[in-house]
>>> print(open('run-v2.tsv').read())   # TSV, C-alpha atoms
chain	number	residue	atom	x	y	z
N	1	MET	CA	20.96	19.01	6.17
N	2	SER	CA	18.93	21.15	3.80
N	3	ASN	CA	19.58	24.88	3.54
N	4	GLY	CA	16.24	26.01	2.22
N	5	PRO	CA	13.17	25.16	0.16
N	6	GLY	CA	15.20	24.91	-3.03
N	7	ASP	CA	17.44	22.32	-1.44
N	8	ASP	CA	14.44	20.42	-0.13
N	9	VAL	CA	12.91	20.30	-3.59
N	10	ARG	CA	16.17	18.97	-4.96
N	11	LEU	CA	16.40	16.36	-2.19
N	12	TRP	CA	12.85	15.16	-2.71
N	13	SER	CA	13.33	15.09	-6.49
N	14	ASP	CA	16.52	13.06	-6.08
N	15	GLU	CA	14.80	10.69	-3.69
N	16	LEU	CA	11.96	10.14	-6.17
N	17	ALA	CA	14.42	9.61	-9.00
N	18	SER	CA	16.21	6.90	-7.05
N	19	ASP	CA	13.03	5.43	-5.55
N	20	PRO	CA	9.90	6.19	-7.60
N	21	SER	CA	7.70	4.62	-4.93
N	22	SER	CA	8.96	7.04	-2.25
N	23	LEU	CA	6.41	9.23	-0.46
N	24	ALA	CA	8.64	12.23	-1.08
N	25	PHE	CA	6.19	13.25	-3.79
N	26	LEU	CA	3.84	14.52	-1.07
N	27	PRO	CA	6.04	17.30	0.39
N	28	LEU	CA	7.40	18.01	-3.09
N	29	ALA	CA	3.91	18.55	-4.54
N	30	GLU	CA	2.88	20.64	-1.51
N	31	THR	CA	5.93	22.89	-1.83
N	32	LEU	CA	5.30	23.38	-5.54
N	33	ARG	CA	1.64	24.15	-4.81
N	34	ARG	CA	2.59	26.78	-2.26
N	35	ARG	CA	4.96	28.30	-4.78
N	36	GLY	CA	2.15	28.53	-7.30
N	37	GLN	CA	3.76	26.03	-9.69
N	38	LEU	CA	0.45	24.25	-10.05
N	39	ASP	CA	1.04	22.37	-13.29
N	40	LEU	CA	4.23	20.87	-11.96
N	41	ALA	CA	2.63	20.16	-8.58
N	42	ARG	CA	-0.24	18.35	-10.30
N	43	LYS	CA	2.13	16.23	-12.38
N	44	VAL	CA	4.12	15.24	-9.28
N	45	ALA	CA	0.96	14.40	-7.33
N	46	MET	CA	-0.50	12.37	-10.19
N	47	ARG	CA	2.74	10.47	-10.69
N	48	GLY	CA	2.69	9.67	-6.97
N	49	LEU	CA	-0.90	8.51	-7.20
N	50	GLU	CA	0.03	6.07	-9.94
N	51	ARG	CA	2.20	4.32	-7.34
N	52	HIS	CA	-0.09	4.94	-4.36
N	53	PRO	CA	-3.67	5.00	-5.70
N	54	HIS	CA	-5.18	4.27	-2.29
N	55	LEU	CA	-3.23	6.81	-0.25
N	56	PRO	CA	-5.68	9.40	1.20
N	57	ASP	CA	-2.98	12.05	1.66
N	58	ALA	CA	-2.11	11.83	-2.04
N	59	HIS	CA	-5.72	12.43	-3.10
N	60	ASP	CA	-6.02	15.22	-0.52
N	61	GLN	CA	-2.89	16.81	-1.99
N	62	LEU	CA	-4.23	16.62	-5.53
N	63	ALA	CA	-7.56	18.11	-4.35
N	64	ARG	CA	-5.75	21.15	-2.93
N	65	ILE	CA	-3.84	21.61	-6.16
N	66	HIS	CA	-7.06	21.42	-8.19
N	67	ALA	CA	-8.70	23.92	-5.84
N	68	ASP	CA	-5.82	26.37	-6.20
N	69	ALA	CA	-6.04	26.00	-9.97
N	70	GLY	CA	-9.76	26.81	-9.86
N	71	ASN	CA	-10.74	23.27	-10.90
N	72	LEU	CA	-13.50	23.00	-8.31
N	73	GLN	CA	-15.10	19.83	-9.58
N	74	GLY	CA	-11.71	18.11	-9.83
N	75	ALA	CA	-11.00	19.08	-6.22
N	76	TYR	CA	-14.41	17.85	-5.12
N	77	ASP	CA	-13.88	14.50	-6.84
N	78	GLU	CA	-10.50	13.97	-5.19
N	79	TRP	CA	-11.86	14.82	-1.74
N	80	ALA	CA	-14.74	12.42	-2.41
N	81	ILE	CA	-12.14	9.70	-2.98
N	82	VAL	CA	-10.46	10.65	0.30
N	83	ARG	CA	-13.79	10.32	2.03
N	84	ASN	CA	-14.37	6.91	0.50
N	85	LEU	CA	-10.98	5.79	1.76
N	86	VAL	CA	-11.38	7.42	5.19
N	87	PRO	CA	-15.12	7.96	5.87
N	88	GLY	CA	-14.54	10.31	8.82
N	89	HIS	CA	-11.98	12.54	7.09
N	90	VAL	CA	-13.03	15.99	8.33
N	91	GLY	CA	-10.71	17.90	6.00
N	92	ALA	CA	-12.23	16.21	2.96
N	93	MET	CA	-15.77	16.96	4.11
N	94	LYS	CA	-14.92	20.61	4.78
N	95	GLY	CA	-13.27	20.92	1.38
N	96	MET	CA	-16.26	19.35	-0.38
N	97	ALA	CA	-18.66	21.60	1.53
N	98	PHE	CA	-16.66	24.70	0.66
N	99	ILE	CA	-16.81	23.82	-3.02
N	100	ARG	CA	-20.50	23.00	-2.99
N	101	PHE	CA	-21.14	26.32	-1.29
N	102	HIS	CA	-19.30	28.14	-4.06
N	103	GLN	CA	-21.25	26.19	-6.63
N	104	GLY	CA	-24.46	27.40	-5.00
N	105	GLU	CA	-25.45	23.93	-3.79
N	106	LEU	CA	-26.23	25.03	-0.28
N	107	GLU	CA	-28.19	22.00	0.87
N	108	GLU	CA	-25.35	19.65	0.04
N	109	ALA	CA	-22.85	22.06	1.59
N	110	GLU	CA	-24.83	22.05	4.81
N	111	ARG	CA	-25.22	18.26	4.78
N	112	LEU	CA	-21.45	17.82	4.36
N	113	LEU	CA	-20.74	20.25	7.18
N	114	LEU	CA	-23.18	18.45	9.47
N	115	ASP	CA	-21.39	15.17	8.65
N	116	ALA	CA	-18.07	16.82	9.49
N	117	GLN	CA	-19.49	18.22	12.72
N	118	ALA	CA	-20.47	14.71	13.76
N	119	HIS	CA	-16.80	13.73	13.69
N	120	THR	CA	-15.22	16.70	15.45
N	121	ASP	CA	-15.92	19.51	17.85
N	122	ASP	CA	-14.80	22.40	15.68
N	123	ALA	CA	-16.17	25.92	16.17
N	124	ASP	CA	-15.27	26.77	12.57
N	125	ILE	CA	-17.66	24.11	11.30
N	126	SER	CA	-20.51	25.41	13.46
N	127	ALA	CA	-19.87	28.91	12.13
N	128	ALA	CA	-19.79	27.60	8.56
N	129	ILE	CA	-23.15	25.87	9.06
N	130	ARG	CA	-24.68	29.13	10.33
N	131	THR	CA	-23.30	30.96	7.31
N	132	VAL	CA	-24.65	28.40	4.85
N	133	ARG	CA	-28.08	28.58	6.46
N	134	LYS	CA	-28.01	32.36	6.46
N	135	SER	CA	-26.91	32.37	2.84
N	136	GLY	CA	-29.88	30.21	1.94
N	137	THR	CA	-32.05	33.24	2.26
N	138	THR	CA	-29.72	35.48	0.28
N	139	ALA	CA	-28.50	33.01	-2.35
N	140	ARG	CA	-31.54	33.75	-4.43
N	141	VAL	CA	-30.38	37.34	-4.60
N	142	SER	CA	-28.05	36.55	-7.44
N	143	LEU	CA	-28.60	39.55	-9.65
N	144	ALA	CA	-27.02	42.89	-9.00
N	145	MET	CA	-30.30	44.55	-9.99
N	146	SER	CA	-32.42	42.74	-7.44
N	147	PRO	CA	-34.76	44.89	-5.32
N	148	GLU	CA	-33.01	43.68	-2.19
N	149	VAL	CA	-29.64	45.00	-3.38
N	150	ALA	CA	-31.22	48.21	-4.62
N	151	ALA	CA	-32.66	48.73	-1.15
N	152	ASP	CA	-29.53	47.67	0.69
N	153	PRO	CA	-26.21	47.68	-1.23
N	154	ARG	CA	-24.59	45.85	1.68
N	155	LEU	CA	-26.12	42.71	0.13
N	156	LEU	CA	-24.33	43.16	-3.21
N	157	PHE	CA	-21.84	40.33	-2.60
N	158	ALA	CA	-23.83	38.43	0.02
N	159	ASP	CA	-24.60	35.38	-2.10
N	160	LEU	CA	-20.96	35.06	-3.13
N	161	MET	CA	-19.59	35.06	0.41
N	162	ALA	CA	-18.90	31.86	2.34
N	163	ASN	CA	-18.03	31.59	5.98
N	164	GLU	CA	-15.69	34.30	7.27
N	165	LEU	CA	-15.41	35.93	3.86
N	166	ALA	CA	-16.16	39.59	3.33
N	167	ALA	CA	-16.17	41.90	0.33
N	168	ILE	CA	-16.65	45.64	0.07
N	169	LEU	CA	-16.60	48.14	-2.77
N	170	LEU	CA	-14.92	51.46	-1.96
N	171	ASP	CA	-14.66	54.70	-3.87
N	172	SER	CA	-11.37	56.59	-4.22
N	173	ASP	CA	-11.97	58.31	-0.88
N	174	GLY	CA	-12.37	55.01	0.93
N	175	LEU	CA	-16.13	55.42	1.29
N	176	VAL	CA	-18.15	52.22	1.20
N	177	LEU	CA	-20.44	51.97	-1.82
N	178	ALA	CA	-21.55	48.37	-1.38
N	179	GLY	CA	-20.82	45.18	0.48
N	180	ALA	CA	-20.41	44.55	4.17
N	181	TYR	CA	-17.75	43.46	6.59
N	182	TYR	CA	-19.08	42.06	9.84
N	183	ALA	CA	-16.88	41.84	12.91
N	184	GLU	CA	-17.15	38.98	15.37
N	185	ASP	CA	-19.64	40.95	17.46
N	186	GLY	CA	-21.90	41.36	14.42
N	187	SER	CA	-21.20	45.04	13.80
N	188	ASP	CA	-20.48	46.21	10.24
N	189	ILE	CA	-16.93	47.59	10.24
N	190	ALA	CA	-16.76	48.18	6.47
N	191	ALA	CA	-16.63	51.97	6.86
N	192	ASP	CA	-13.79	51.77	9.39
N	193	VAL	CA	-11.78	49.41	7.20
N	194	GLY	CA	-12.49	51.56	4.14
N	195	ALA	CA	-11.22	54.67	5.92
N	196	THR	CA	-7.86	53.02	6.61
N	197	LEU	CA	-7.46	52.22	2.91
N	198	THR	CA	-8.04	55.74	1.61
N	199	GLY	CA	-5.50	56.58	-1.06
N	200	VAL	CA	-4.23	53.03	-1.59
N	201	SER	CA	-5.18	53.04	-5.25
N	202	ALA	CA	-3.38	56.35	-5.93
N	203	GLU	CA	-0.26	55.18	-4.09
N	204	ALA	CA	-0.22	51.87	-5.95
N	205	LEU	CA	-0.53	53.79	-9.21
N	206	ARG	CA	2.36	56.08	-8.31
N	207	ALA	CA	4.58	53.18	-7.21
N	208	THR	CA	3.99	51.23	-10.41
N	209	ARG	CA	4.63	54.36	-12.50
N	210	HIS	CA	7.93	55.03	-10.75
N	211	LEU	CA	8.95	51.42	-11.33
N	212	ASP	CA	7.58	51.37	-14.87
N	213	ILE	CA	5.91	47.99	-14.31
N	214	GLY	CA	2.54	48.71	-15.90
N	215	ALA	CA	-0.88	49.01	-14.31
N	216	TRP	CA	-1.39	47.49	-10.88
N	217	ARG	CA	-3.69	44.51	-10.67
N	218	ALA	CA	-3.85	43.55	-7.03
N	219	ILE	CA	-2.41	44.08	-3.59
N	220	VAL	CA	-2.47	40.99	-1.43
N	221	PHE	CA	-1.41	40.93	2.19
N	222	GLU	CA	-1.35	38.21	4.77
N	223	THR	CA	-2.28	38.61	8.40
N	224	GLU	CA	-2.28	36.16	11.28
N	225	VAL	CA	-5.77	34.95	10.47
N	226	ALA	CA	-6.66	36.19	7.00
N	227	VAL	CA	-5.55	37.06	3.54
N	228	VAL	CA	-6.71	40.43	2.21
N	229	ASN	CA	-6.93	41.14	-1.49
N	230	LEU	CA	-7.33	44.70	-2.83
N	231	SER	CA	-8.10	45.12	-6.51
N	232	PRO	CA	-8.95	48.13	-8.65
N	233	ALA	CA	-12.72	48.46	-8.84
N	234	PRO	CA	-14.22	48.77	-12.32
N	235	ALA	CA	-14.66	52.41	-13.30
N	236	ALA	CA	-18.29	52.20	-14.34
N	237	GLY	CA	-21.48	54.13	-13.78
N	238	ALA	CA	-21.04	56.66	-10.98
N	239	LEU	CA	-17.68	55.28	-9.88
N	240	GLY	CA	-14.60	56.87	-11.42
N	241	PRO	CA	-11.02	55.58	-11.29
N	242	GLY	CA	-9.43	54.91	-7.93
N	243	GLY	CA	-12.08	52.66	-6.42
N	244	LEU	CA	-11.21	49.42	-4.68
N	245	ILE	CA	-12.70	46.02	-4.14
N	246	VAL	CA	-11.58	44.57	-0.82
N	247	LEU	CA	-11.91	40.84	-0.29
N	248	VAL	CA	-11.04	39.28	3.06
N	249	ALA	CA	-10.78	35.51	3.43
N	250	PRO	CA	-9.46	33.07	6.02
N	251	ALA	CA	-5.71	32.51	5.74
N	252	ALA	CA	-6.16	28.91	4.62
N	253	THR	CA	-8.30	29.82	1.60
N	254	PRO	CA	-6.75	28.37	-1.58
N	255	LEU	CA	-5.47	31.18	-3.78
N	256	GLY	CA	-7.29	29.77	-6.80
N	257	LEU	CA	-10.64	30.03	-5.02
N	258	LEU	CA	-9.81	33.52	-3.82
N	259	LYS	CA	-9.02	34.64	-7.37
N	260	ARG	CA	-12.21	33.08	-8.69
N	261	LEU	CA	-14.27	34.79	-6.03
N	262	LEU	CA	-12.59	38.10	-6.65
N	263	ASP	CA	-13.40	37.86	-10.37
N	264	LYS	CA	-17.05	37.27	-9.46
N	265	CYS	CA	-17.06	40.27	-7.12
N	266	ILE	CA	-15.56	42.50	-9.82
N	267	GLU	CA	-18.17	41.36	-12.33
N	268	ARG	CA	-20.94	41.89	-9.79
N	269	ALA	CA	-19.68	45.37	-8.98
N	270	ARG	CA	-19.42	46.27	-12.67
N	271	SER	CA	-22.95	45.07	-13.29
N	272	TRP	CA	-24.32	46.96	-10.29
N	273	LEU	CA	-22.50	50.19	-11.13
N	274	SER	CA	-23.51	50.03	-14.79
N	275	SER	CA	-27.13	49.53	-13.82
N	276	GLY	CA	-27.22	52.69	-11.77
N	277	GLY	CA	-25.87	51.52	-8.43
N	278	ALA	CA	-24.11	54.09	-6.23
N	279	THR	CA	-26.05	56.98	-7.74
D	1	MET	CA	29.41	51.84	3.28
D	2	SER	CA	27.89	48.67	4.61
D	3	THR	CA	25.19	48.47	7.25
D	4	ALA	CA	23.61	45.69	9.26
D	5	PHE	CA	21.34	45.11	6.30
D	6	THR	CA	23.86	45.03	3.46
D	7	LEU	CA	24.51	41.27	3.37
D	8	MET	CA	20.82	40.51	3.63
D	9	LEU	CA	19.97	42.89	0.77
D	10	ASP	CA	22.79	41.46	-1.37
D	11	ALA	CA	21.43	37.96	-0.85
D	12	LEU	CA	17.90	39.02	-1.74
D	13	THR	CA	19.00	40.83	-4.88
D	14	LYS	CA	20.78	37.68	-6.06
D	15	GLN	CA	17.42	35.90	-6.31
D	16	ARG	CA	16.34	35.37	-9.90
D	17	GLY	CA	14.11	38.18	-11.13
D	18	VAL	CA	14.83	40.58	-8.25
D	19	ARG	CA	15.66	44.10	-9.46
D	20	ALA	CA	16.10	45.82	-6.14
D	21	SER	CA	15.87	45.37	-2.40
D	22	LEU	CA	15.61	48.11	0.18
D	23	VAL	CA	15.20	48.64	3.90
D	24	ALA	CA	13.26	51.73	4.92
D	25	GLY	CA	11.81	53.26	8.04
D	26	ALA	CA	8.30	51.95	8.68
D	27	ASP	CA	6.98	55.34	9.77
D	28	ASP	CA	8.67	57.70	7.33
D	29	GLY	CA	9.64	55.43	4.43
D	30	VAL	CA	13.13	56.90	4.35
D	31	THR	CA	15.62	54.48	2.81
D	32	ILE	CA	18.08	53.03	5.33
D	33	ASP	CA	19.97	50.76	2.93
D	34	SER	CA	19.42	49.50	-0.57
D	35	ASN	CA	20.73	47.32	-3.34
D	36	MET	CA	19.21	48.77	-6.47
D	37	GLN	CA	19.34	48.54	-10.21
D	38	ILE	CA	16.49	50.99	-10.62
D	39	GLY	CA	18.17	54.35	-10.04
D	40	GLN	CA	16.86	57.12	-7.85
D	41	GLU	CA	13.25	56.04	-8.24
D	42	GLY	CA	13.98	53.48	-5.55
D	43	THR	CA	13.81	56.02	-2.75
D	44	ARG	CA	10.39	57.23	-3.89
D	45	VAL	CA	9.20	53.65	-4.20
D	46	ALA	CA	10.42	52.94	-0.65
D	47	ALA	CA	8.30	55.79	0.66
D	48	LEU	CA	5.23	54.61	-1.23
D	49	ALA	CA	5.79	50.98	-0.24
D	50	ALA	CA	6.13	51.91	3.42
D	51	SER	CA	2.95	53.95	3.19
D	52	LEU	CA	1.03	51.07	1.57
D	53	TYR	CA	2.27	48.71	4.26
D	54	ARG	CA	1.21	51.12	7.02
D	55	LYS	CA	-2.28	51.26	5.50
D	56	ALA	CA	-2.44	47.47	5.33
D	57	ARG	CA	-1.42	47.22	8.97
D	58	ARG	CA	-3.97	49.80	10.03
D	59	SER	CA	-6.78	48.11	8.13
D	60	ALA	CA	-5.82	44.69	9.55
D	61	LYS	CA	-5.78	46.15	13.04
D	62	THR	CA	-9.17	47.82	12.50
D	63	ALA	CA	-10.63	44.54	11.30
D	64	GLY	CA	-9.10	42.55	14.15
D	65	LEU	CA	-7.09	40.38	11.78
D	66	GLY	CA	-3.89	40.33	13.82
D	67	ALA	CA	-0.38	41.21	12.74
D	68	THR	CA	0.33	41.88	9.08
D	69	GLY	CA	2.92	39.72	7.32
D	70	PHE	CA	3.93	39.47	3.71
D	71	MET	CA	2.37	41.88	1.22
D	72	GLN	CA	2.72	42.10	-2.52
D	73	LEU	CA	1.56	44.50	-5.16
D	74	GLU	CA	1.09	42.80	-8.51
D	75	ALA	CA	1.37	44.82	-11.70
D	76	GLU	CA	1.35	43.98	-15.39
D	77	ALA	CA	5.14	43.74	-15.59
D	78	GLY	CA	6.44	43.41	-12.07
D	79	ARG	CA	5.84	43.03	-8.38
D	80	LEU	CA	6.57	44.97	-5.23
D	81	CYS	CA	6.97	42.77	-2.14
D	82	ILE	CA	6.95	44.21	1.37
D	83	ILE	CA	7.28	42.84	4.86
D	84	GLY	CA	7.94	44.77	8.02
D	85	SER	CA	7.85	45.43	11.71
D	86	ASP	CA	7.03	48.45	13.86
D	87	GLU	CA	10.35	50.06	12.92
D	88	ILE	CA	11.44	48.96	9.46
D	89	VAL	CA	10.09	47.57	6.22
D	90	LEU	CA	11.94	45.30	3.83
D	91	ILE	CA	11.04	45.92	0.20
D	92	VAL	CA	11.81	43.87	-2.90
D	93	VAL	CA	11.12	44.92	-6.49
D	94	ALA	CA	10.83	41.87	-8.74
D	95	GLU	CA	9.97	41.00	-12.28
D	96	ARG	CA	6.55	39.57	-13.03
D	97	ASP	CA	7.81	36.01	-13.59
D	98	ALA	CA	10.12	35.91	-10.56
D	99	ASN	CA	9.61	33.00	-8.18
D	100	ILE	CA	7.49	34.85	-5.69
D	101	GLY	CA	7.18	31.85	-3.36
D	102	LEU	CA	10.92	31.70	-2.93
D	103	ILE	CA	11.23	35.47	-2.53
D	104	ARG	CA	8.52	35.38	0.14
D	105	VAL	CA	10.34	32.66	2.05
D	106	GLU	CA	13.63	34.56	1.86
D	107	MET	CA	11.98	37.79	3.03
D	108	LEU	CA	10.29	36.02	5.95
D	109	ARG	CA	13.64	34.48	6.88
D	110	ALA	CA	15.42	37.83	6.62
D	111	THR	CA	12.83	39.50	8.81
D	112	LYS	CA	13.22	36.77	11.40
D	113	GLU	CA	16.98	37.21	11.42
D	114	LEU	CA	16.54	40.94	11.97
D	115	GLY	CA	14.40	40.17	14.99
>>> encode(input="run-v2.tsv", output="structure tokens")
Amino acid sequence: MSNGPGDDVRLWSDELASDPSSLAFLPLAETLRRRGQLDLARKVAMRGLERHPHLPDAHDQLARIHADAGNLQGAYDEWAIVRNLVPGHVGAMKGMAFIRFHQGELEEAERLLLDAQAHTDDADISAAIRTVRKSGTTARVSLAMSPEVAADPRLLFADLMANELAAILLDSDGLVLAGAYYAEDGSDIAADVGATLTGVSAEALRATRHLDIGAWRAIVFETEVAVVNLSPAPAAGALGPGGLIVLVAPAATPLGLLKRLLDKCIERARSWLSSGGAT
Amino acid sequence: MSTAFTLMLDALTKQRGVRASLVAGADDGVTIDSNMQIGQEGTRVAALAASLYRKARRSAKTAGLGATGFMQLEAEAGRLCIIGSDEIVLIVVAERDANIGLIRVEMLRATKELG
């Protein structure tokens, strides 16, 4: 009987050592991925694939590892292999669509989602299709200086956001400067969320000072349905220190993609603030 | 003096890279028990950590995201991990390169054991 994840890793490693063709590489790679040991996870998955090159689960596993590592094309390629092996593999189609969306290839993202929808009755897929279609009109708004963003700062991150994602830029008082956060009923709750986060930046600063662990970089918290990432907003233009960028994503979002998206939001905010936004 | 939390905190602090573990009141952030190698600053950190966790819970509630679970603050040279309930929060101070996945699992397990 195992006593914890560490024991499981040891058991799976031992099993692989005694039987290199064992499928224990799958849970081992998944555990390593969840721990953030992506290089090791990738090596384990690839070694498993050498023995099981036609195993869909092995390619699916490697795709998730690539996605977490920010290797979007690598993830796409692996999910494409899964789809070749199992043409109706909904997970692979959703993964491919998610990546194409982030690469700005909205037509292909929509096509993949429609293919997935043909294989399953999943409300998430229908919502994703609506988001991709809606984004088609905003995807062209890719510059922070666009007239649309100047007229309505809620659109600042619109072209970066996929289904069920939200990003807002707050000042040190928790006031919303840009971005939007739509609730299920369609109302923008960004101001309400911002108000609850007033003072977070100052408290994070004080905590890290007391602990002498350097500047804070991010606060990430998990909820039942989402993962929320708070990062210091760039102090640029009219925004002084203490601002926040809040990014909310579905709980299943790979951490690598979340990080990549956050970096884009920070760059977008910096560009917008530097060009006179929030004045 | 040992409390209901002492064994749990000892076990957490034995994890590689963990500098301190504390249990504090969720509402007031007052330390209930601790296993620290970081001196008196720990009690201040407990108060700040509890406050950050309360804000996270409030924002999640406002956004309709359900109950809040594991939370971590990442800094240049360390991490502050927090998980809690209505009454208490469990706080771990760890080094930057600590195995955060393992610490998270142990904290989730500890919280479950506390009910």
>>> atom_distance(input="run-v2.tsv", atom1="CA of Phe221 in chain N", atom2="CA of Val246 in chain N")
11.2 Å
>>> atom_distance(input="run-v2.tsv", atom1="CA of Ala235 in chain N", atom2="CA of Ser172 in chain N")
10.5 Å
>>> closest_residue(input="run-v2.tsv", among="D:Leu48, D:Cys81, D:Glu87, D:Ala110", to="chain N", atoms="only C-alpha atoms")
D:Leu48
>>> residues_around(input="run-v2.tsv", residues="Leu197 in chain N", least_positions_apart="2", cutoff="8 Å", atoms="all atoms listed in the file", output="VMD selection string")
(chain N and resid 174 193 to 195 199 to 200) or (chain D and resid 55 to 56 59)
>>> interface_residues(input="run-v2.tsv", of="chain D", to="chain N", cutoff="6 Å", atoms="all atoms listed in the file", output="list in words")
Glu41, Val45, Lys55, Ser59, Leu65, Gly66, Ala67, Thr68, Gly69, Phe70, Met71, Gln72, Leu73, Glu74, Ala75, Glu76, Ala77, Gly78 and Gly101 of chain D
>>> residues_around(input="run-v2.tsv", residues="Leu16 in chain N", least_positions_apart="2", cutoff="12 Å", atoms="only C-alpha atoms", output="ChimeraX atom specification")
/N:9-14,18-29,44-45,47-48,51
>>> closest_residue(input="run-v2.tsv", among="D:Ile88, D:Ile82, D:Ala60, D:Val30", to="Ile103 in chain D", atoms="only C-alpha atoms")
D:Ile82
>>> atom_distance(input="run-v2.tsv", atom1="CA of Gly84 in chain D", atom2="CA of Asp97 in chain D")
23.3 Å
>>> residues_near_point(input="run-v2.tsv", point="(-26.0, 23.1, 2.1)", cutoff="12 Å", atoms="all atoms listed in the file", output="short mmCIF file (atom, residue, chain, number, x, y, z; two decimals) with C-alpha atoms, in the frame of the given file")
data_model
loop_
_atom_site.label_atom_id
_atom_site.label_comp_id
_atom_site.auth_asym_id
_atom_site.auth_seq_id
_atom_site.Cartn_x
_atom_site.Cartn_y
_atom_site.Cartn_z
CA LYS N 94 -14.92 20.61 4.78
CA MET N 96 -16.26 19.35 -0.38
CA ALA N 97 -18.66 21.60 1.53
CA PHE N 98 -16.66 24.70 0.66
CA ILE N 99 -16.81 23.82 -3.02
CA ARG N 100 -20.50 23.00 -2.99
CA PHE N 101 -21.14 26.32 -1.29
CA HIS N 102 -19.30 28.14 -4.06
CA GLN N 103 -21.25 26.19 -6.63
CA GLY N 104 -24.46 27.40 -5.00
CA GLU N 105 -25.45 23.93 -3.79
CA LEU N 106 -26.23 25.03 -0.28
CA GLU N 107 -28.19 22.00 0.87
CA GLU N 108 -25.35 19.65 0.04
CA ALA N 109 -22.85 22.06 1.59
CA GLU N 110 -24.83 22.05 4.81
CA ARG N 111 -25.22 18.26 4.78
CA LEU N 112 -21.45 17.82 4.36
CA LEU N 113 -20.74 20.25 7.18
CA LEU N 114 -23.18 18.45 9.47
CA ASP N 115 -21.39 15.17 8.65
CA ALA N 128 -19.79 27.60 8.56
CA ILE N 129 -23.15 25.87 9.06
CA ARG N 130 -24.68 29.13 10.33
CA THR N 131 -23.30 30.96 7.31
CA VAL N 132 -24.65 28.40 4.85
CA ARG N 133 -28.08 28.58 6.46
CA LYS N 134 -28.01 32.36 6.46
CA SER N 135 -26.91 32.37 2.84
CA GLY N 136 -29.88 30.21 1.94
CA THR N 137 -32.05 33.24 2.26
CA ALA N 139 -28.50 33.01 -2.35
CA ALA N 162 -18.90 31.86 2.34
#
>>> residues_near_point(input="run-v2.tsv", point="(-22.4, 49.5, -0.5)", cutoff="7 Å", atoms="all atoms listed in the file", output="list in words")
Pro153, Arg154, Ile168, Leu169, Val176, Leu177, Ala178 and Gly179 of chain N
>>> closest_residue(input="run-v2.tsv", among="D:Ala63, D:Ala49, D:Ala26, D:Met36", to="Ser85 in chain D", atoms="only C-alpha atoms")
D:Ala26
>>> residues_around(input="run-v2.tsv", residues="Asp86 in chain D", least_positions_apart="3", cutoff="9 Å", atoms="only C-alpha atoms", output="list in words")
Gly25, Ala26, Asp27 and Val89 of chain D
>>> write_last_selection(input="run-v2.tsv", atoms="C-alpha atoms", output="PDB file, keeping the file's coordinate frame")
ATOM      1  CA  GLY D  25      11.810  53.260   8.040  1.00  0.00           C
ATOM      2  CA  ALA D  26       8.300  51.950   8.680  1.00  0.00           C
ATOM      3  CA  ASP D  27       6.980  55.340   9.770  1.00  0.00           C
ATOM      4  CA  VAL D  89      10.090  47.570   6.220  1.00  0.00           C
TER       5      VAL D  89
END
>>> residues_around(input="run-v2.tsv", residues="range 8-14 of chain D", least_positions_apart="2", cutoff="8 Å", atoms="all atoms listed in the file", output="MDAnalysis selection string")
chainID D and resid 5:6 16 18:22 34:35 92 103 106:107 110
>>> closest_residue(input="run-v2.tsv", among="D:Thr31, D:Gln37, D:Thr3, D:Ser51", to="Val93 in chain D", atoms="all atoms listed in the file")
D:Gln37
>>> closest_residue(input="run-v2.tsv", among="N:Cys265, N:Ala67, N:Leu38, N:Ala233", to="Ala158 in chain N", atoms="only C-alpha atoms")
N:Cys265
